[in-house]
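Undergrad: Got a structure for you, written out below as structure tokens; questions coming shortly.
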Amino acid sequence: MEPYIIRVASQKGGVGKTTISTNLAVCLKDFGYKVLLVDCDTTNPSIGFHLGMEKSNIGYKQLVKGTSKLSELCSVHAPTGICVIPGSINSKPFVITEAEARRVIKNLKASNYDFVILDTQPGYYIQTAVNEIDETLLITTPDMPSCSSILRSVKLLDEQNAKHNLIINRVKGKNYEISKREIEETYEGKIVGALPESDIVPESIAEHIPAYALSRNDKFSKGIFLSSRFYKKSTSPGEVPSTKRSFWSRIFRRR
Ligand SMILES: Nc1ncnc2c1ncn2[C@@H]1O[C@H](COP(=O)(O)OP(=O)(O)O)[C@@H](O)[C@H]1O
Ligand SMILES: [Mg+2]
């Protein structure tokens, strides 16, 4: 079966795309899936810092330019077992064309992973190869600048009939925040999760170990676990007894 490709995206920076991509990958791997995490941030690659692979100097750029094979670019992250195509921290920022983006996705689709998670940079990239990937997972924080930027992304994706879902990150439970209920009223896709603000995130980046691998009991890790379960059920219908399939398909009818 082809891998299910999730592009983690937002037009705004600093909302938690890299943190969520990395932890989602680790959690799905923990569920027993084969997972590839790709650092597609061509201006500020940072997955290497989250995983202690920051010295890597070969990765996504070579995949885009077609100078290396996919299998040559994947490294196994020993502590978690996920496969990773890191960004090239020393390379100059570069722009990826629509044709290159499509070729990369085609290449990834031909691999034997269950999930491919693409961590992206903010901005225009959200519009590339939208119909080749399976889903854009939008990330927002619960404030007006971030939520309004998500609505613009949704408009772009809806214009191209591209599937999208949403995670709300850095929820503190303060009354000045935009609540999940308020977001649900305007957002038509599925809200996959609401992840709390937690010190484990900066701590895990400093330790170069993803939060989910550092402590599964932390509130952020628990949120990642619940969000990852959404993918476990909905993309593996083979695991669901046939009598229950219609039940799951009704629950996940938007996907
Ligand atoms: N749930 C969270 N709790 C605490 N800090 C967070 C959380 N999510 C992200 N951060 C912090 O926010 C910063 C930006 O996160 P990052 O994943 O790099 O965002 P992006 O990839 O969207 O630019 C990081 O320094 C990270 O420590
Ligand atoms: Mg990032």
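Each chain of the structure tokens is named A, B, ... in the order shown, its residues numbered from 1; ligands are numbered from 1 in display order.
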Counting only C-alpha atoms and all ligand atoms, what are the residues, protein, DNA or RNA alike, that approach ligand 2 to within 6 Å? I want them as a PyMOL selection string.
TA: chain A and resi 17-18+121
Undergrad: Neighbours of A:Phe49 within 12 Å (only C-alpha atoms; same-chain residues fewer than 4 positions away dropped), as a VMD selection string?
TA: chain A and resid 18 to 19 22 39 44 to 45 53 to 56 86 to 89 202 to 210
Undergrad: Around ligand 1, out to 9 Å and counting only C-alpha atoms and all ligand atoms, which residues are there? I want them as an NGL selection string.
TA: :A and (8-22 or 41 or 44-47 or 119-122 or 139-141 or 169-172 or 195-206 or 220)
Undergrad: Would you please work out which residue, of A:Ala99, A:Asn57, A:Ala213, A:Leu138, is nearest to A:Gly81 when using only C-alpha atoms?
TA: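 Nearest to A:Gly81: A:Ala213.
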Undergrad: Could you please write out, as a list in words, every residue of stretch 68-106 of chain A that DSSP assigns to alpha helix (DSSP H)?
TA: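 Of stretch 68-106 of chain A, the ones in alpha helix (DSSP H) are Leu70, Ser71, Glu72, Leu73, Glu98, Ala99, Glu100, Ala101, Arg102, Arg103, Val104, Ile105 and Lys106 of chain A.
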Undergrad: Please produce a file of the residues just selected, as a CSV table (one decimal), in the first residue's frame, where the atoms kept are all heavy atoms.
TA:
chain,number,residue,atom,x,y,z
A,70,LEU,N,16.2,8.3,-3.0
A,70,LEU,CA,15.5,8.4,-1.7
A,70,LEU,C,16.2,7.5,-0.6
A,70,LEU,O,16.4,8.0,0.5
A,70,LEU,CB,14.0,8.0,-1.9
A,70,LEU,CG,13.1,8.1,-0.7
A,70,LEU,CD1,12.9,9.5,-0.3
A,70,LEU,CD2,11.8,7.4,-1.0
A,71,SER,N,16.4,6.3,-1.0
A,71,SER,CA,17.0,5.3,-0.1
A,71,SER,C,18.4,5.8,0.5
A,71,SER,O,18.7,5.5,1.6
A,71,SER,CB,17.1,3.9,-0.7
A,71,SER,OG,17.9,4.0,-1.8
A,72,GLU,N,19.1,6.6,-0.3
A,72,GLU,CA,20.4,7.0,0.1
A,72,GLU,C,20.3,8.2,1.1
A,72,GLU,O,21.2,8.5,1.8
A,72,GLU,CB,21.2,7.5,-1.1
A,72,GLU,CG,21.6,6.4,-2.0
A,72,GLU,CD,22.1,7.0,-3.4
A,72,GLU,OE1,22.0,8.2,-3.6
A,72,GLU,OE2,22.6,6.1,-4.2
A,73,LEU,N,19.1,8.8,1.1
A,73,LEU,CA,19.0,10.0,1.9
A,73,LEU,C,18.3,9.8,3.3
A,73,LEU,O,18.3,10.7,4.1
A,73,LEU,CB,18.2,11.1,1.1
A,73,LEU,CG,18.8,11.6,-0.2
A,73,LEU,CD1,17.8,12.4,-1.0
A,73,LEU,CD2,20.1,12.4,0.1
A,98,GLU,N,7.0,24.0,-8.6
A,98,GLU,CA,5.8,23.0,-8.6
A,98,GLU,C,6.2,21.7,-9.2
A,98,GLU,O,5.9,20.6,-8.6
A,98,GLU,CB,4.7,23.7,-9.4
A,98,GLU,CG,3.4,22.8,-9.5
A,98,GLU,CD,2.7,22.6,-8.2
A,98,GLU,OE1,2.8,23.4,-7.2
A,98,GLU,OE2,2.0,21.6,-8.1
A,99,ALA,N,7.0,21.7,-10.3
A,99,ALA,CA,7.4,20.4,-10.9
A,99,ALA,C,8.3,19.6,-10.0
A,99,ALA,O,8.1,18.4,-9.8
A,99,ALA,CB,8.1,20.7,-12.2
A,100,GLU,N,9.2,20.3,-9.3
A,100,GLU,CA,10.1,19.6,-8.3
A,100,GLU,C,9.2,19.0,-7.2
A,100,GLU,O,9.5,17.9,-6.8
A,100,GLU,CB,11.1,20.6,-7.8
A,100,GLU,CG,12.2,20.8,-8.7
A,100,GLU,CD,13.2,22.0,-8.3
A,100,GLU,OE1,12.7,22.8,-7.5
A,100,GLU,OE2,14.3,22.0,-8.7
A,101,ALA,N,8.3,19.8,-6.7
A,101,ALA,CA,7.5,19.3,-5.5
A,101,ALA,C,6.7,18.1,-6.0
A,101,ALA,O,6.6,17.1,-5.2
A,101,ALA,CB,6.5,20.4,-5.1
A,102,ARG,N,6.1,18.1,-7.1
A,102,ARG,CA,5.4,16.9,-7.6
A,102,ARG,C,6.3,15.7,-7.8
A,102,ARG,O,5.9,14.6,-7.4
A,102,ARG,CB,4.7,17.2,-9.0
A,102,ARG,CG,3.5,18.1,-8.8
A,102,ARG,CD,2.8,18.3,-10.0
A,102,ARG,NE,1.8,19.3,-9.8
A,102,ARG,CZ,0.8,19.6,-10.6
A,102,ARG,NH1,0.7,19.0,-11.8
A,102,ARG,NH2,-0.1,20.5,-10.3
A,103,ARG,N,7.5,15.9,-8.2
A,103,ARG,CA,8.4,14.8,-8.4
A,103,ARG,C,8.8,14.2,-7.1
A,103,ARG,O,8.9,13.0,-6.9
A,103,ARG,CB,9.6,15.2,-9.2
A,103,ARG,CG,10.4,14.1,-9.8
A,103,ARG,CD,11.4,14.5,-10.8
A,103,ARG,NE,12.0,15.8,-10.5
A,103,ARG,CZ,13.1,16.0,-9.8
A,103,ARG,NH1,13.8,15.0,-9.4
A,103,ARG,NH2,13.6,17.2,-9.5
A,104,VAL,N,9.0,15.1,-6.1
A,104,VAL,CA,9.4,14.6,-4.8
A,104,VAL,C,8.3,13.8,-4.2
A,104,VAL,O,8.5,12.7,-3.7
A,104,VAL,CB,9.7,15.8,-3.8
A,104,VAL,CG1,9.7,15.4,-2.4
A,104,VAL,CG2,11.0,16.5,-4.2
A,105,ILE,N,7.0,14.2,-4.3
A,105,ILE,CA,5.9,13.5,-3.8
A,105,ILE,C,5.7,12.1,-4.5
A,105,ILE,O,5.5,11.1,-3.9
A,105,ILE,CB,4.6,14.3,-3.8
A,105,ILE,CG1,4.7,15.7,-3.1
A,105,ILE,CG2,3.4,13.5,-3.3
A,105,ILE,CD1,5.0,15.6,-1.7
A,106,LYS,N,5.9,12.2,-5.8
A,106,LYS,CA,5.8,10.9,-6.6
A,106,LYS,C,6.8,9.9,-6.1
A,106,LYS,O,6.5,8.7,-5.8
A,106,LYS,CB,6.0,11.2,-8.1
A,106,LYS,CG,5.4,10.2,-9.0
A,106,LYS,CD,5.6,10.7,-10.4
A,106,LYS,CE,5.6,9.4,-11.3
A,106,LYS,NZ,6.2,9.6,-12.6
Undergrad: Identify, on the basis of only C-alpha atoms, every residue whose closest approach to A:Leu226 does not exceed 12 Å; exclude the query and any residue fewer than 5 positions from it along the same chain; express the result as a list in words.
TA: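 The residues satisfying every condition are Asn23, Leu24, Cys27, Leu28, Phe31, Ile167, Ile191, Val192, Gly193, Ala194, Leu195, Tyr212, Arg216, Lys219, Phe220, Ser221, Tyr231, Lys232 and Lys233 of chain A.
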Undergrad: For A:Ile85, which residue out of A:Arg7, A:Leu63, A:Val130, A:Ala25 is the nearest one, using only C-alpha atoms?
TA: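 Of A:Arg7, A:Leu63, A:Val130, A:Ala25, the one nearest A:Ile85, counting only C-alpha atoms, is A:Leu63.
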Undergrad: Once DSSP has gone over the backbone, tell me which residues of stretch 43-245 of chain A are in strand (DSSP E or B), as an NGL selection string.
TA: :A and (75-76 or 83-85 or 115-119 or 135-140 or 164-171 or 190-196)
Undergrad: I'd like the neighbourhood of A:Leu151 as a PDB file with N, CA, C and O atoms, in the first residue's frame, where a residue qualifies if any of its atoms comes within 9 Å (using only C-alpha atoms), though same-chain residues fewer than 5 positions away should be ignored.
TA:
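Result saved to part20.pdb:
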ATOM      1  N   SER A 146      -2.908  33.992  14.257  1.00  0.00           N
ATOM      2  CA  SER A 146      -2.668  32.644  13.740  1.00  0.00           C
ATOM      3  C   SER A 146      -3.947  32.050  13.138  1.00  0.00           C
ATOM      4  O   SER A 146      -3.931  31.480  12.043  1.00  0.00           O
ATOM      5  N   LEU A 156      -7.300  28.792   0.293  1.00  0.00           N
ATOM      6  CA  LEU A 156      -6.415  28.331  -0.789  1.00  0.00           C
ATOM      7  C   LEU A 156      -6.584  26.834  -1.042  1.00  0.00           C
ATOM      8  O   LEU A 156      -6.646  26.385  -2.189  1.00  0.00           O
ATOM      9  N   THR A 186     -16.095  27.757  12.919  1.00  0.00           N
ATOM     10  CA  THR A 186     -15.746  28.304  11.602  1.00  0.00           C
ATOM     11  C   THR A 186     -14.951  27.325  10.733  1.00  0.00           C
ATOM     12  O   THR A 186     -14.967  27.439   9.513  1.00  0.00           O
ATOM     13  N   TYR A 187     -14.283  26.361  11.370  1.00  0.00           N
ATOM     14  CA  TYR A 187     -13.429  25.455  10.607  1.00  0.00           C
ATOM     15  C   TYR A 187     -14.211  24.218  10.174  1.00  0.00           C
ATOM     16  O   TYR A 187     -14.806  23.542  11.015  1.00  0.00           O
TER      17      TYR A 187
END
Undergrad: For each of A:Ile183, A:Ile6, A:Leu108, A:Cys147, take the minimum atom-to-atom distance to A:Ile126, counting only C-alpha atoms, then give the residue where this is smallest.
TA: A:Ile6
Undergrad: Nearest to A:Ile168 among A:Ile150, A:Val38, A:Ile58, A:Ile117, with distances taken over only C-alpha atoms: which residue is it?
TA: A:Ile150
Undergrad: May I ask for the distance between atom CA of A:Lys109 and atom CA of A:Lys29, given in Å to one decimal place?
TA: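 Straight-line distance from atom CA of A:Lys109 to atom CA of A:Lys29 works out to 18.0 Å.
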Undergrad: Can you measure atom CA of A:Leu51 to atom CA of A:Leu214 for me? One decimal in Å is fine.
TA: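 Interatomic distance, atom CA of A:Leu51 to atom CA of A:Leu214: 11.4 Å.
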Undergrad: Distance atom CA of A:His164-atom CA of A:Val26, one decimal place?
TA: 21.2 Å
Undergrad: Rank A:Asn131, A:Thr136, A:Ser179, A:Gln160 by their smallest atom-to-atom distance to A:Leu118, using only C-alpha atoms, and report the top residue only.
TA: A:Thr136
